[in-house]
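*Asks:* Have a look at this one.
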Amino acid sequence: MTQSDTDPTSRTARLMDGRALARRIVDEAAATAADITSRTGAAPCLATVLVGDDPASVTYVRMKRERCARAGIESRHVALPASVTTAELVDTVTGLSEDPSVHGILLQHPMGRHIDERAAFEAIAPGKDVDGVTTHAFAAMAFGLPGFVSCTPGGIIRLLDAYDVDLAGRHAVVVGRSAILGKPAGMLLLGRDATVTYCHSRTRDLAARVREADVLVAAVGRPRFIGGDAIKPGAVVIDAGYNAGNVGDVDFETARRRASLITPVPGGVGPMTIAVLLSQTVRAAARQPATISVS
């Protein structure tokens with residue numbers, strides 16, 4: 001018997017490989033996309049909308065378009081100036097929602113402080129909301145109804161499933177309350193019969209709440225915000241943060257000595273987000289009327 005068998009604090013967590021699982025999901029999406037293209041003459045199409053030229057956003061959109069190309073998904077990019085008004089942005093998104101050749105819409109966040117982001121998101125037709133950002137999508141997640149999930153929370157659930165993490169009856173603590181990450185993650189965990197506690201940067205005695213977590217989802221957007229000494233021995237740690245220098249929201253080196261499973265940053269949750277986006281785009285194309293391309 002080793003020390004790690006008798007002392008839970010001396011363990012080294014098993015890494016949850018998001019890259020490998022994401023490749024499998026994208027391969028499945030690519031096969032379905034090829035079938036749709038063969039049958040209809042039109043490839044699934046994802047429209048990306050970018051406001052301004054924020055370097056991180058430009059990089060994210062470019063990466064998503066490159067992944068689309070590899071999966072046989074057409075990408076249509078709409079670049080708008082930083083000075084665009086909410087009304088102009090809503091008109092653009094509405095036009096894409098009404099375009100039968102577009103199957104999914106990704107509206108890149110952030111869009112600028114002068115933009116009513118909620119109004120812009122709500123202009124996305126529910127059947128094309130492959131990023132899961134509308135109130136319709138959130139309601140579907142909360143009530144367990146069919147629809148498209150927010151991509152990062154959806155990727156988290158797929159990771160947990162892939163590593164056979166039984167959520168029923170377990171205490172899940174979500175640190176973060178954003179509309180497209182923290183809140184929907186909690187809803188999806190609740191739908192799997194976990195007992196869910198929401199925390200955030202203003203939670204009093206956050207470390208005490210984290211110590212109660214059988215499953216921890218860190219999504220607060222602050223580097224190493226959660227120390228490893230706050231991790232319950234044997235907990236599953238999902239670090240959905242990504243900060244400058246490839247640093248997550250959890251202090252990885254100390255947390256991995258207490259957790260049983262942990263996602264690395266990068267290589268954990270990040271690849272899953274794009275994989276779910278592509279998978280949902282293909283699903284959206286399969287559900288919408290076929291548009292035959294004419295060359």
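Labeling convention for the structure tokens: chains A, B, ... as they appear, residues from 1 per chain, ligands from 1 in order of appearance.
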I'd like the contact shell of A:Ala162 - 10 Å cut-off, only C-alpha atoms, skipping same-chain residues fewer than 4 positions apart - returned as a VMD selection string.
*Replies:* chain A and resid 16 to 18 21 156 to 158
*Asks:* As a list in words, please: the residues near A:Ser150 (cut-off 9 Å, only C-alpha atoms, same-chain neighbours under 3 positions excluded).
*Replies:*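 Listing them by chain and then by number gives Val130, Asp131, Gly132, Val133, Ala137, Phe138, Met141, Pro153, Gly154, Gly155, Ile180, Leu181, Pro184, Ala185, Thr273, Val276 and Leu277 of chain A.
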*Asks:* Please determine, counting only C-alpha atoms, which residue among A:Gly268, A:Arg222, A:Arg23, A:Leu106 has the shortest atom-to-atom distance to A:Lys64.
*Replies:* A:Leu106
*Asks:* Have a look at atom CA of A:Gly186 and atom CA of A:Glu28 and let me know their distance in Å, one decimal.
*Replies:*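 Going from atom CA of A:Gly186 over to atom CA of A:Glu28, I get 26.9 Å.
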*Asks:* Between atom CA of A:Leu206 and atom CA of A:Val173, what is the distance, to one decimal in Å?
*Replies:* 10.3 Å
*Asks:* In Å to one decimal, how far is atom CA of A:Pro289 from atom CA of A:Leu46?
*Replies:* 15.2 Å
*Asks:* Which residue gives the smallest distance to A:Asp35 among A:Ala20, A:Ala71, A:Leu189, A:Ala235, with only C-alpha atoms counted?
*Replies:*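 Going through A:Ala20, A:Ala71, A:Leu189, A:Ala235 one by one, the smallest distance to A:Asp35 is for A:Ala71.
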*Asks:* Quick check for you: according to DSSP on this backbone, which residues of stretch 51-114 of chain A are classed as helix (DSSP H, G or I)? Reply as JSON, numbers by chain.
*Replies:* {"A": [55, 56, 57, 58, 59, 60, 61, 62, 63, 64, 65, 66, 67, 68, 69, 70, 86, 87, 88, 89, 90, 91, 92, 93, 94, 95, 96, 97, 98]}
*Asks:* List as an MDAnalysis selection string the protein and nucleic acid residues near A:Ala34, meaning an atom at most 8 Å away when only C-alpha atoms are counted, but skip any in the same chain fewer than 3 places from it.
*Replies:* chainID A and resid 30:31 37:38 43 72
*Asks:* Between A:Pro223, A:Pro271, A:Pro100, A:Gly169, single out the one closest to A:Val196, counting only C-alpha atoms.
*Replies:* A:Gly169
*Asks:* Considering only C-alpha atoms, state which residue in the set A:Ile124, A:Ala42, A:Ala47, A:Val26 is at the smallest distance from A:Arg70.
*Replies:*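 Closest to A:Arg70, using only C-alpha atoms: A:Val26.
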*Asks:* Env of A:Arg14: 9 Å cut, atoms = only C-alpha atoms, seq-sep filter 6 positions within chain, self excluded. Answer as a list in words.
*Replies:*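 Residues meeting the cut-off are Arg256, Ala259, Ser260, Leu261, Ile262 and Thr263 of chain A.
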*Asks:* Point out the residue among A:Ile115, A:Val236, A:Ala284, A:Met272 with the least atom-to-atom distance to A:Thr12, counting only C-alpha atoms.
*Replies:*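 Of all the options, A:Val236 lies closest to A:Thr12.
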*Asks:* I need the strand (DSSP E) residues of stretch 27-88 of chain A per DSSP on the backbone, written as an MDAnalysis selection string.
*Replies:* chainID A and resid 45:51 74:80
*Asks:* Pull N, CA, C and O atoms from the residues just selected and write them as a PDB file, in the first residue's frame.
*Replies:*
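Full text of out36.pdb as output:
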ATOM      1  N   CYS A  45     -23.480  25.733 -42.265  1.00  0.00           N
ATOM      2  CA  CYS A  45     -22.849  27.056 -42.292  1.00  0.00           C
ATOM      3  C   CYS A  45     -22.966  27.746 -40.945  1.00  0.00           C
ATOM      4  O   CYS A  45     -24.069  27.878 -40.395  1.00  0.00           O
ATOM      5  N   LEU A  46     -21.836  28.179 -40.416  1.00  0.00           N
ATOM      6  CA  LEU A  46     -21.781  28.959 -39.181  1.00  0.00           C
ATOM      7  C   LEU A  46     -21.392  30.385 -39.522  1.00  0.00           C
ATOM      8  O   LEU A  46     -20.340  30.624 -40.119  1.00  0.00           O
ATOM      9  N   ALA A  47     -22.227  31.338 -39.153  1.00  0.00           N
ATOM     10  CA  ALA A  47     -21.911  32.759 -39.338  1.00  0.00           C
ATOM     11  C   ALA A  47     -21.303  33.304 -38.058  1.00  0.00           C
ATOM     12  O   ALA A  47     -21.867  33.137 -36.974  1.00  0.00           O
ATOM     13  N   THR A  48     -20.155  33.943 -38.178  1.00  0.00           N
ATOM     14  CA  THR A  48     -19.512  34.577 -37.025  1.00  0.00           C
ATOM     15  C   THR A  48     -19.609  36.091 -37.176  1.00  0.00           C
ATOM     16  O   THR A  48     -19.363  36.628 -38.261  1.00  0.00           O
ATOM     17  N   VAL A  49     -19.974  36.753 -36.094  1.00  0.00           N
ATOM     18  CA  VAL A  49     -20.122  38.205 -36.100  1.00  0.00           C
ATOM     19  C   VAL A  49     -19.159  38.786 -35.079  1.00  0.00           C
ATOM     20  O   VAL A  49     -19.191  38.423 -33.893  1.00  0.00           O
ATOM     21  N   LEU A  50     -18.297  39.676 -35.530  1.00  0.00           N
ATOM     22  CA  LEU A  50     -17.289  40.286 -34.661  1.00  0.00           C
ATOM     23  C   LEU A  50     -17.425  41.798 -34.714  1.00  0.00           C
ATOM     24  O   LEU A  50     -17.412  42.398 -35.791  1.00  0.00           O
ATOM     25  N   VAL A  51     -17.550  42.414 -33.551  1.00  0.00           N
ATOM     26  CA  VAL A  51     -17.621  43.867 -33.441  1.00  0.00           C
ATOM     27  C   VAL A  51     -16.256  44.387 -33.011  1.00  0.00           C
ATOM     28  O   VAL A  51     -15.726  43.992 -31.964  1.00  0.00           O
ATOM     29  N   GLU A  74     -18.986  25.293 -43.470  1.00  0.00           N
ATOM     30  CA  GLU A  74     -18.733  26.592 -44.087  1.00  0.00           C
ATOM     31  C   GLU A  74     -18.806  27.667 -43.018  1.00  0.00           C
ATOM     32  O   GLU A  74     -19.660  27.612 -42.120  1.00  0.00           O
ATOM     33  N   SER A  75     -17.935  28.655 -43.088  1.00  0.00           N
ATOM     34  CA  SER A  75     -18.011  29.776 -42.149  1.00  0.00           C
ATOM     35  C   SER A  75     -18.178  31.080 -42.929  1.00  0.00           C
ATOM     36  O   SER A  75     -17.499  31.301 -43.933  1.00  0.00           O
ATOM     37  N   ARG A  76     -19.089  31.877 -42.459  1.00  0.00           N
ATOM     38  CA  ARG A  76     -19.332  33.180 -43.070  1.00  0.00           C
ATOM     39  C   ARG A  76     -19.037  34.234 -42.007  1.00  0.00           C
ATOM     40  O   ARG A  76     -19.686  34.272 -40.968  1.00  0.00           O
ATOM     41  N   HIS A  77     -18.055  35.077 -42.278  1.00  0.00           N
ATOM     42  CA  HIS A  77     -17.635  36.039 -41.273  1.00  0.00           C
ATOM     43  C   HIS A  77     -18.178  37.431 -41.574  1.00  0.00           C
ATOM     44  O   HIS A  77     -18.092  37.916 -42.705  1.00  0.00           O
ATOM     45  N   VAL A  78     -18.739  38.052 -40.545  1.00  0.00           N
ATOM     46  CA  VAL A  78     -19.244  39.419 -40.650  1.00  0.00           C
ATOM     47  C   VAL A  78     -18.459  40.275 -39.658  1.00  0.00           C
ATOM     48  O   VAL A  78     -18.573  40.108 -38.445  1.00  0.00           O
ATOM     49  N   ALA A  79     -17.641  41.164 -40.179  1.00  0.00           N
ATOM     50  CA  ALA A  79     -16.843  42.064 -39.344  1.00  0.00           C
ATOM     51  C   ALA A  79     -17.509  43.436 -39.320  1.00  0.00           C
ATOM     52  O   ALA A  79     -17.758  44.031 -40.376  1.00  0.00           O
ATOM     53  N   LEU A  80     -17.794  43.931 -38.131  1.00  0.00           N
ATOM     54  CA  LEU A  80     -18.449  45.224 -37.966  1.00  0.00           C
ATOM     55  C   LEU A  80     -17.518  46.178 -37.225  1.00  0.00           C
ATOM     56  O   LEU A  80     -16.732  45.748 -36.362  1.00  0.00           O
TER      57      LEU A  80
END
*Asks:* Check the smallest atom-to-atom distance from each of A:His200, A:Arg170, A:His103, A:Arg65 to A:Ala213 using only C-alpha atoms, then report the winner.
*Replies:*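 Under the stated criterion, the closest residue is A:Arg170.
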*Asks:* Excluding A:Asp193 and its own-chain neighbours fewer than 4 positions away, which residues fall within 10 Å of it when counting only C-alpha atoms? Please give them as an MDAnalysis selection string.
*Replies:* chainID A and resid 166:172 187:189
